[in-house]
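Peer 1: input-v3.txt is reproduced below (compact mmCIF, C-alpha atoms and all ligand atoms).
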```txt
# COMPACT_ATOMS: atom_id res chain seq x y z
CA MET H 1 -19.29 -1.26 -23.65
CA SER H 2 -21.31 1.94 -23.66
CA ARG H 3 -20.96 3.97 -26.82
CA TYR H 4 -20.51 6.99 -24.54
CA LEU H 5 -17.26 5.72 -23.01
CA ALA H 6 -14.50 8.21 -23.79
CA GLU H 7 -12.01 6.84 -26.23
CA ARG H 8 -9.06 7.48 -23.91
CA TYR H 9 -10.47 4.95 -21.40
CA GLN H 10 -11.02 2.08 -23.80
CA GLY H 11 -7.75 0.41 -22.73
CA VAL H 12 -8.43 0.79 -19.01
CA SER H 13 -8.51 -2.46 -17.02
CA PRO H 14 -9.57 -1.71 -13.48
CA TYR H 15 -7.58 -2.78 -10.43
CA VAL H 16 -8.83 -5.98 -8.81
CA PRO H 17 -8.72 -5.58 -5.01
CA GLY H 18 -8.41 -8.56 -2.67
CA GLU H 19 -11.79 -10.28 -2.47
CA GLN H 20 -14.18 -9.18 0.31
CA PRO H 21 -16.30 -12.31 0.70
CA GLY H 22 -18.34 -11.50 3.82
CA PRO H 23 -18.17 -13.33 7.15
CA GLY H 24 -17.02 -16.92 7.64
CA PHE H 25 -13.55 -16.57 6.09
CA VAL H 26 -10.17 -15.99 7.66
CA LYS H 27 -9.13 -13.04 5.53
CA LEU H 28 -5.42 -12.96 4.91
CA ASN H 29 -5.68 -11.74 1.31
CA ALA H 30 -5.68 -7.93 1.44
CA ASN H 31 -3.08 -6.94 4.05
CA GLU H 32 -5.76 -5.41 6.22
CA THR H 33 -6.19 -6.28 9.85
CA THR H 34 -9.02 -7.39 12.09
CA MET H 35 -7.39 -5.54 15.00
CA PRO H 36 -9.55 -2.57 15.99
CA PRO H 37 -8.24 0.96 15.44
CA SER H 38 -7.01 3.09 18.35
CA PRO H 39 -9.65 3.47 21.11
CA ARG H 40 -9.35 7.22 20.50
CA VAL H 41 -11.16 6.68 17.20
CA ARG H 42 -14.35 5.70 19.01
CA GLU H 43 -14.07 8.77 21.24
CA ALA H 44 -13.62 10.97 18.16
CA LEU H 45 -16.97 9.82 16.78
CA SER H 46 -18.78 12.01 19.29
CA ASP H 47 -22.38 13.21 19.37
CA ALA H 48 -21.08 16.70 18.61
CA LEU H 49 -19.43 15.41 15.45
CA VAL H 50 -22.61 13.63 14.34
CA GLU H 51 -24.66 16.78 14.98
CA SER H 52 -22.27 18.85 12.86
CA LEU H 53 -22.60 16.60 9.81
CA GLY H 54 -25.08 18.99 8.18
CA LEU H 55 -22.14 21.26 7.49
CA TYR H 56 -19.40 20.64 4.97
CA ALA H 57 -16.08 19.54 6.41
CA ASP H 58 -13.01 21.78 6.39
CA PRO H 59 -11.87 21.24 2.78
CA HIS H 60 -8.26 21.85 3.86
CA ALA H 61 -8.55 19.12 6.52
CA ARG H 62 -6.37 21.29 8.74
CA PRO H 63 -6.61 19.39 12.06
CA LEU H 64 -5.86 16.10 10.30
CA LYS H 65 -2.92 17.65 8.44
CA ALA H 66 -1.62 19.16 11.65
CA ALA H 67 -1.86 15.82 13.44
CA VAL H 68 -0.03 14.03 10.60
CA ALA H 69 2.64 16.75 10.53
CA ARG H 70 3.21 16.41 14.29
CA ALA H 71 3.34 12.63 14.15
CA LEU H 72 5.89 12.60 11.31
CA GLY H 73 7.89 15.64 12.39
CA VAL H 74 7.31 17.70 9.23
CA ASP H 75 5.74 21.08 8.46
CA GLU H 76 2.02 21.21 7.76
CA GLU H 77 2.72 22.74 4.33
CA SER H 78 4.46 19.52 3.35
CA VAL H 79 1.37 17.37 4.02
CA PHE H 80 -1.34 16.48 1.50
CA VAL H 81 -4.23 14.30 2.69
CA GLY H 82 -6.72 12.36 0.60
CA ASN H 83 -9.33 9.64 0.48
CA GLY H 84 -6.82 6.80 0.74
CA SER H 85 -3.31 6.75 -0.61
CA ASP H 86 -4.82 5.57 -3.90
CA GLU H 87 -6.45 8.98 -4.29
CA VAL H 88 -3.29 10.73 -3.13
CA LEU H 89 -1.27 8.94 -5.82
CA GLY H 90 -3.99 9.85 -8.33
CA PHE H 91 -3.76 13.57 -7.49
CA LEU H 92 0.01 13.38 -7.60
CA PHE H 93 0.02 11.96 -11.14
CA LEU H 94 -2.81 14.24 -12.27
CA THR H 95 -0.87 17.26 -11.00
CA THR H 96 2.59 16.47 -12.34
CA LEU H 97 2.36 14.34 -15.48
CA GLU H 98 1.23 15.06 -19.03
CA GLU H 99 -0.58 12.58 -21.21
CA GLY H 100 1.98 10.31 -22.84
CA ASP H 101 4.63 10.88 -20.13
CA ALA H 102 6.51 7.82 -18.94
CA LEU H 103 5.81 6.30 -15.54
CA GLY H 104 8.22 3.58 -14.36
CA PHE H 105 7.39 1.03 -11.69
CA PRO H 106 8.66 -2.45 -10.72
CA ASP H 107 7.31 -5.28 -12.89
CA ILE H 108 6.25 -6.99 -9.68
CA SER H 109 4.58 -4.46 -7.42
CA TYR H 110 1.29 -2.88 -6.45
CA GLY H 111 -0.99 -3.47 -9.46
CA PHE H 112 -2.53 -0.05 -9.20
CA TYR H 113 0.52 1.69 -10.70
CA ARG H 114 -0.19 0.13 -14.07
CA ASP H 115 -3.88 1.05 -13.76
CA TYR H 116 -3.08 4.70 -12.96
CA ALA H 117 -0.90 4.85 -16.03
CA ALA H 118 -3.81 3.61 -18.15
CA THR H 119 -6.33 5.96 -16.50
CA PHE H 120 -4.16 9.05 -16.93
CA GLY H 121 -2.92 8.18 -20.42
CA LEU H 122 0.67 7.70 -19.24
CA ALA H 123 3.19 5.32 -20.78
CA GLY H 124 3.47 2.78 -17.96
CA MET H 125 6.80 0.96 -18.13
CA PRO H 126 7.89 -1.90 -15.91
CA VAL H 127 11.41 -1.74 -14.48
CA PRO H 128 12.05 -5.44 -13.69
CA LEU H 129 13.04 -6.46 -10.20
CA ARG H 130 16.32 -8.38 -10.01
CA ASP H 131 16.22 -12.18 -9.94
CA ASP H 132 16.16 -12.18 -6.14
CA PHE H 133 13.11 -9.83 -6.24
CA THR H 134 15.07 -6.82 -4.92
CA LEU H 135 14.54 -3.40 -6.51
CA ASP H 136 16.88 -2.67 -9.42
CA VAL H 137 18.29 0.62 -8.13
CA GLU H 138 20.51 1.07 -11.19
CA GLY H 139 17.56 0.39 -13.51
CA PHE H 140 15.54 3.08 -11.74
CA ARG H 141 18.48 5.51 -11.87
CA GLN H 142 18.65 5.11 -15.62
CA PHE H 143 14.90 5.20 -16.25
CA LYS H 144 13.81 8.29 -18.21
CA GLY H 145 10.67 9.64 -16.58
CA ALA H 146 8.76 9.69 -13.30
CA VAL H 147 8.99 6.58 -11.16
CA VAL H 148 6.88 5.08 -8.39
CA PHE H 149 7.62 2.08 -6.21
CA ALA H 150 6.36 0.65 -2.98
CA ASN H 151 9.01 0.55 -0.25
CA PRO H 152 8.84 -2.00 1.23
CA ASN H 153 7.55 -3.51 -1.99
CA ALA H 154 4.37 -5.54 -2.27
CA PRO H 155 3.92 -8.46 -2.72
CA THR H 156 7.59 -9.26 -2.01
CA GLY H 157 7.91 -7.52 1.39
CA LEU H 158 11.49 -6.40 0.57
CA ALA H 159 12.76 -2.85 1.14
CA VAL H 160 15.57 -0.61 -0.11
CA SER H 161 17.42 1.94 2.03
CA PRO H 162 16.86 5.72 1.92
CA ASP H 163 20.43 5.95 0.56
CA ASP H 164 19.36 3.92 -2.47
CA VAL H 165 16.28 6.10 -2.91
CA ARG H 166 18.50 9.18 -2.73
CA ARG H 167 20.66 7.72 -5.49
CA ILE H 168 17.57 7.22 -7.64
CA ALA H 169 16.38 10.77 -6.91
CA GLU H 170 19.75 12.39 -7.58
CA ALA H 171 20.18 10.57 -10.89
CA ASP H 172 17.65 12.98 -12.42
CA PRO H 173 16.32 15.89 -10.30
CA ASP H 174 13.87 16.79 -13.10
CA ARG H 175 11.73 13.74 -12.62
CA LEU H 176 9.49 12.78 -9.74
CA VAL H 177 10.37 9.84 -7.46
CA VAL H 178 7.29 8.61 -5.60
CA VAL H 179 7.92 6.30 -2.65
CA ASP H 180 4.79 4.44 -1.57
CA GLU H 181 5.37 3.63 2.10
CA ALA H 182 2.10 1.79 2.76
CA TYR H 183 4.00 -0.73 4.95
CA ILE H 184 6.74 1.47 6.39
CA ASP H 185 5.70 1.13 10.04
CA TYR H 186 6.49 -2.60 10.04
CA GLY H 187 10.25 -2.16 10.08
CA ALA H 188 11.86 -0.47 7.06
CA GLU H 189 13.46 2.99 7.21
CA THR H 190 11.26 5.86 6.02
CA CYS H 191 12.27 8.31 3.26
CA VAL H 192 10.34 11.21 4.86
CA PRO H 193 13.59 12.98 5.93
CA LEU H 194 14.76 12.73 2.31
CA VAL H 195 11.93 15.00 1.12
CA ARG H 196 13.66 18.07 2.57
CA GLU H 197 16.89 17.15 0.77
CA CYS H 198 15.45 16.10 -2.58
CA PRO H 199 12.54 18.21 -3.85
CA ASN H 200 11.69 15.53 -6.42
CA VAL H 201 10.95 12.90 -3.73
CA VAL H 202 7.37 12.46 -2.57
CA VAL H 203 6.52 9.94 0.15
CA VAL H 204 2.99 8.50 0.31
CA GLN H 205 1.59 6.68 3.35
CA THR H 206 -1.76 5.23 4.39
CA PHE H 207 -3.91 4.59 7.46
CA SER H 208 -5.17 1.35 5.87
CA LYS H 209 -2.50 -0.98 7.20
CA SER H 210 -0.62 -0.27 10.45
CA ARG H 211 -3.35 2.06 11.74
CA ASN H 212 -6.10 -0.50 11.18
CA LEU H 213 -8.37 1.92 9.29
CA ALA H 214 -8.79 0.58 5.75
CA GLY H 215 -12.54 1.11 6.06
CA ALA H 216 -12.11 4.83 6.77
CA HIS H 217 -9.70 5.20 3.84
CA ILE H 218 -7.17 7.92 4.58
CA GLY H 219 -3.86 8.49 2.86
CA PHE H 220 -1.32 11.28 2.80
CA ALA H 221 1.73 12.50 0.95
CA ILE H 222 4.79 14.30 2.29
CA GLY H 223 6.33 16.48 -0.40
CA ALA H 224 7.88 19.85 -1.14
CA PRO H 225 5.45 22.63 -0.07
CA GLU H 226 5.13 24.11 -3.60
CA LEU H 227 4.22 20.72 -5.00
CA VAL H 228 1.73 20.05 -2.19
CA SER H 229 0.15 23.43 -2.86
CA ASN H 230 -0.18 22.59 -6.57
CA MET H 231 -1.77 19.27 -5.66
CA GLU H 232 -4.26 21.10 -3.44
CA ASP H 233 -5.19 23.34 -6.36
CA ILE H 234 -5.92 20.29 -8.50
CA ARG H 235 -7.88 18.66 -5.67
CA PHE H 236 -9.92 21.85 -5.31
CA SER H 237 -10.57 21.73 -9.06
CA PHE H 238 -11.94 18.20 -8.79
CA ASN H 239 -13.34 17.33 -5.33
CA PRO H 240 -12.40 19.66 -2.44
CA PHE H 241 -14.45 17.55 0.01
CA SER H 242 -12.85 14.21 -0.75
CA VAL H 243 -11.95 13.74 2.94
CA SER H 244 -15.18 13.75 4.95
CA ALA H 245 -15.63 15.25 8.42
CA LEU H 246 -15.92 11.71 9.83
CA THR H 247 -12.72 10.64 8.16
CA GLN H 248 -10.82 13.73 9.30
CA ALA H 249 -11.83 13.23 12.93
CA VAL H 250 -11.04 9.53 12.88
CA GLY H 251 -7.69 10.07 11.19
CA ALA H 252 -6.51 12.80 13.55
CA ALA H 253 -7.43 10.68 16.58
CA ALA H 254 -5.64 7.61 15.21
CA VAL H 255 -2.43 9.32 14.16
CA GLU H 256 -2.01 10.94 17.57
CA ASP H 257 -2.01 7.56 19.32
CA LYS H 258 1.60 6.54 18.76
CA ASP H 259 1.62 4.06 21.65
CA TYR H 260 -1.21 2.11 20.11
CA LEU H 261 0.52 2.07 16.72
CA GLN H 262 3.64 0.64 18.36
CA GLN H 263 1.60 -1.99 20.18
CA CYS H 264 -0.08 -3.14 16.97
CA VAL H 265 3.18 -3.17 15.03
CA ALA H 266 4.85 -5.19 17.81
CA GLN H 267 2.06 -7.75 17.69
CA VAL H 268 2.30 -8.05 13.90
CA THR H 269 6.09 -8.39 13.87
CA ARG H 270 5.93 -11.05 16.61
CA GLU H 271 3.34 -13.02 14.67
CA ARG H 272 5.25 -12.46 11.43
CA ALA H 273 8.33 -14.20 12.90
CA ARG H 274 6.25 -17.07 14.26
CA LEU H 275 4.39 -17.55 10.97
CA ALA H 276 7.58 -17.34 8.89
CA ASP H 277 9.15 -20.07 11.05
CA ALA H 278 6.05 -22.24 10.86
CA LEU H 279 5.94 -21.91 7.06
CA ALA H 280 9.66 -22.68 6.73
CA GLN H 281 9.17 -25.81 8.87
CA ARG H 282 6.52 -26.92 6.39
CA GLY H 283 8.92 -26.61 3.47
CA PHE H 284 8.07 -23.10 2.26
CA GLN H 285 10.59 -20.64 0.93
CA VAL H 286 9.73 -17.35 2.66
CA LEU H 287 11.23 -13.96 1.76
CA PRO H 288 12.42 -11.83 4.70
CA SER H 289 9.49 -9.45 5.15
CA GLN H 290 9.48 -5.88 6.47
CA THR H 291 5.69 -5.69 6.12
CA ASN H 292 2.51 -7.22 7.56
CA PHE H 293 2.55 -10.03 5.01
CA LEU H 294 4.79 -12.89 3.91
CA PHE H 295 5.62 -13.88 0.35
CA ALA H 296 6.06 -17.63 0.20
CA SER H 297 6.28 -20.54 -2.22
CA HIS H 298 6.12 -24.30 -1.69
CA PRO H 299 7.87 -26.84 -3.93
CA ALA H 300 4.94 -29.30 -3.80
CA PHE H 301 2.19 -26.77 -4.51
CA PRO H 302 1.77 -24.47 -7.48
CA GLY H 303 0.78 -21.08 -6.01
CA GLY H 304 -2.71 -20.98 -7.49
CA GLU H 305 -3.54 -24.47 -6.29
CA LEU H 306 -2.46 -23.71 -2.72
CA CYS H 307 -4.61 -20.61 -2.78
CA ASP H 308 -7.62 -22.67 -3.99
CA GLN H 309 -7.00 -25.41 -1.43
CA LEU H 310 -6.98 -22.90 1.41
CA ARG H 311 -10.03 -21.17 0.04
CA ARG H 312 -11.92 -24.47 0.25
CA ARG H 313 -10.95 -24.45 3.92
CA ALA H 314 -12.27 -20.90 4.38
CA VAL H 315 -8.86 -19.23 4.50
CA LEU H 316 -8.13 -16.52 1.92
CA ILE H 317 -4.63 -15.65 0.79
CA ARG H 318 -3.58 -13.80 -2.37
CA HIS H 319 -2.22 -15.38 -5.52
CA PHE H 320 -1.12 -13.30 -8.51
CA ASP H 321 -1.38 -15.16 -11.80
CA GLN H 322 1.54 -13.32 -13.30
CA PRO H 323 4.92 -14.34 -14.78
CA ARG H 324 7.80 -14.76 -12.29
CA ILE H 325 5.53 -15.13 -9.24
CA ARG H 326 3.04 -17.86 -10.26
CA ASP H 327 4.54 -20.20 -7.67
CA TRP H 328 4.20 -17.67 -4.87
CA ASN H 329 1.45 -16.49 -2.55
CA ARG H 330 1.12 -13.36 -0.49
CA ILE H 331 -0.12 -14.16 3.00
CA THR H 332 -1.20 -11.37 5.35
CA VAL H 333 0.02 -11.80 8.91
CA GLY H 334 -3.16 -12.00 10.95
CA THR H 335 -3.84 -12.23 14.66
CA ALA H 336 -2.49 -15.29 16.52
CA GLN H 337 -5.87 -16.94 16.12
CA GLU H 338 -6.09 -16.23 12.38
CA ASN H 339 -2.55 -17.48 11.83
CA ASP H 340 -3.34 -20.68 13.74
CA ALA H 341 -6.37 -21.19 11.48
CA LEU H 342 -4.15 -20.70 8.44
CA LEU H 343 -1.59 -23.23 9.69
CA ALA H 344 -4.30 -25.78 10.48
CA ALA H 345 -5.79 -25.39 6.99
CA LEU H 346 -2.33 -25.62 5.51
CA ASP H 347 -1.51 -28.85 7.36
CA ASP H 348 -4.77 -30.29 6.17
CA ALA H 349 -4.08 -29.30 2.55
CA LEU H 350 -0.46 -30.48 2.66
CA GLY H 351 -1.48 -33.79 4.27
CA GLU H 352 -4.01 -34.34 1.54
CA ALA H 353 -1.49 -33.46 -1.17
CA ILE H 354 1.06 -35.91 0.22
CA GLY H 355 -1.68 -38.58 0.49
CA VAL H 356 -2.61 -38.07 -3.18
CA HIS H 357 0.94 -38.10 -4.64
C1 LIG X 1 -2.70 -1.09 0.56
C2 LIG X 1 -1.81 -0.31 -0.35
C3 LIG X 1 -2.16 0.95 -0.78
C4 LIG X 1 -3.57 1.45 -0.64
O1 LIG X 1 -3.77 2.25 0.38
P1 LIG X 1 -5.15 3.03 0.55
O2 LIG X 1 -4.74 4.13 1.44
O3 LIG X 1 -6.09 2.08 1.19
O4 LIG X 1 -5.63 3.52 -0.77
C5 LIG X 1 -1.25 1.69 -1.53
N1 LIG X 1 -0.06 1.16 -1.87
C6 LIG X 1 0.29 -0.07 -1.51
C7 LIG X 1 1.62 -0.61 -1.93
C8 LIG X 1 -0.58 -0.85 -0.75
O5 LIG X 1 -0.26 -2.10 -0.44
```
Represent the supplied structure as structure tokens.
Ligand SMILES: *Cc1c(COP(=O)(O)O)cnc(C)c1O

Peer 2:
Amino acid sequence: MSRYLAERYQGVSPYVPGEQPGPGFVKLNANETTMPPSPRVREALSDALVESLGLYADPHARPLKAAVARALGVDEESVFVGNGSDEVLGFLFLTTLEEGDALGFPDISYGFYRDYAATFGLAGMPVPLRDDFTLDVEGFRQFKGAVVFANPNAPTGLAVSPDDVRRIAEADPDRLVVVDEAYIDYGAETCVPLVRECPNVVVVQTFSKSRNLAGAHIGFAIGAPELVSNMEDIRFSFNPFSVSALTQAVGAAAVEDKDYLQQCVAQVTRERARLADALAQRGFQVLPSQTNFLFASHPAFPGGELCDQLRRRAVLIRHFDQPRIRDWNRITVGTAQENDALLAALDDALGEAIGVH
């Protein structure tokens, strides 16, 4: 450890993203997709754009904001864009919370929430999911302090209704309720309309999943205009050019192509049903997913071992070595071909396991 590391960061343990191993693996471990982005993205990367790269981008990212606003049916003043929803969440916490403030999140959820709390000196506090892995709405209502949760949640794939989110928001209008909708396009109901009703609700979404653009890294928040304006002030006090000209052009093109989004989502939901059936046939318990991944456990295979066995067969899935979910794995729904490769590797591993026992 460098002796120059600031004392406030000495407890920070950085987020561990899904492994990026290079070619040769079927990658079902990070909820990304090998489907290409909208064809409009390629058109957006024009010669004119390349020639203009000597100039700084619009720091307000106005065309991208306008495109997001149109696509979601909200006012432009309600839209904040950033370099991935990770950065958007970061600016949100930086803008609204003081050091030592409480931040509540599900005990089983996106690992980054705990890491933000450490980075920003917040008191991160898990609000345990219920035994069936659903969100404890009453627990969140009673929590004293800002809360953040993914809806649908990861890695469980389960969602709560906007009515439940409203109940959490109305329990204490003084605290922020952040709804991370990274997977919302895959079937759950969005809380965007709730933002107008409840000024303490902020919805965060990303281009990294359903829009097939994790490599471009674009995220946005929909919140009350005053809050968005405050977030912009903080962004301009830190890195006004966090969304590059390339990213802005790519994002605007992608978000305008609603037909393509629907096509991709339809393919994923079709494959999700097929994969869930195939896993159930092989003895897995599979939670009903509203996302582009499945959360599954097998009685004959401890979660970590299954993950290792598949890895040996060049298929990556995600195991979290964490209480309550050690027996489970999170499996991204891939293309038909990728899912077939997963099932073949699985049959091989299961056959071997049965042969050994
Ligand atoms: C993937 C994911 C994100 C990260 O999105 P980026 O826009 O790529 O930063 C945020 N929240 C959840 C729950 C995710 O699964």

Peer 1: What do you get as a PyMOL selection string if you pick all residues at most 6 Å from ligand LIG 1 (chain X), counting all atoms listed in the file?

Peer 2: chain H and resi 84-86+110+150+154+180+182+206+208+214+217-219

Peer 1: Given the choices H:Pro155, H:Asn329, H:Phe112, H:Arg313, which gets closest to H:Ala344 if the distance is worked out from only C-alpha atoms?

Peer 2: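 For H:Ala344, the nearest of the given residues is H:Arg313.
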
Peer 1: Quick check, in Å to one decimal: how far apart do atom CA of H:Leu158 and atom CA of H:Gly139 lie?

Peer 2: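 Atom-to-atom, atom CA of H:Leu158 and atom CA of H:Gly139 are spaced 16.8 Å apart.
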
Peer 1: Just checking: using only C-alpha atoms, which residue out of H:Glu43, H:Gly11, H:Glu181, H:Val50 ends up closest to H:Tyr116?

Peer 2: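 Selected residue with least distance to H:Tyr116: H:Gly11.
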
Peer 1: Compare H:Thr335, H:Ser289, H:Asn29, H:Gln322 by their minimum atom-to-atom distance to H:Asn151, counting all atoms listed in the file, and give me the closest one.

Peer 2: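 Using all atoms listed in the file, H:Asn151 sits closest to H:Ser289.
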
Peer 1: For a test of reading the model, state the distance in Å between atom CA of H:Pro106 and atom CA of H:Phe133, rounded to one decimal.

Peer 2: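 Those two atoms sit 9.7 Å apart.
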
Peer 1: With distances taken over only C-alpha atoms, which residue among H:Leu194, H:Ala296, H:Leu213, H:Val228 lies nearest H:Thr34?

Peer 2: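 Comparing H:Leu194, H:Ala296, H:Leu213, H:Val228 against H:Thr34, the winner is H:Leu213.
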
Peer 1: Leaving out H:Asn212 and any residue of its chain fewer than 4 positions from it, which residues lie within 10 Å of it when counting only C-alpha atoms, given as a PyMOL selection string?

Peer 2: chain H and resi 32-38+206-208+216-217+254+261+264

Peer 1: Would you compute an axis-aligned box for stretch 101-109 of chain H, covering every atom listed for it in the file with 6 Å of margin on each side, and report centre and edge lengths in Å to one decimal as AutoDock Vina command-line options?

Peer 2:
```
--center_x 6.6 --center_y 1.9 --center_z -13.8 --size_x 16.1 --size_y 29.9 --size_z 24.7
```
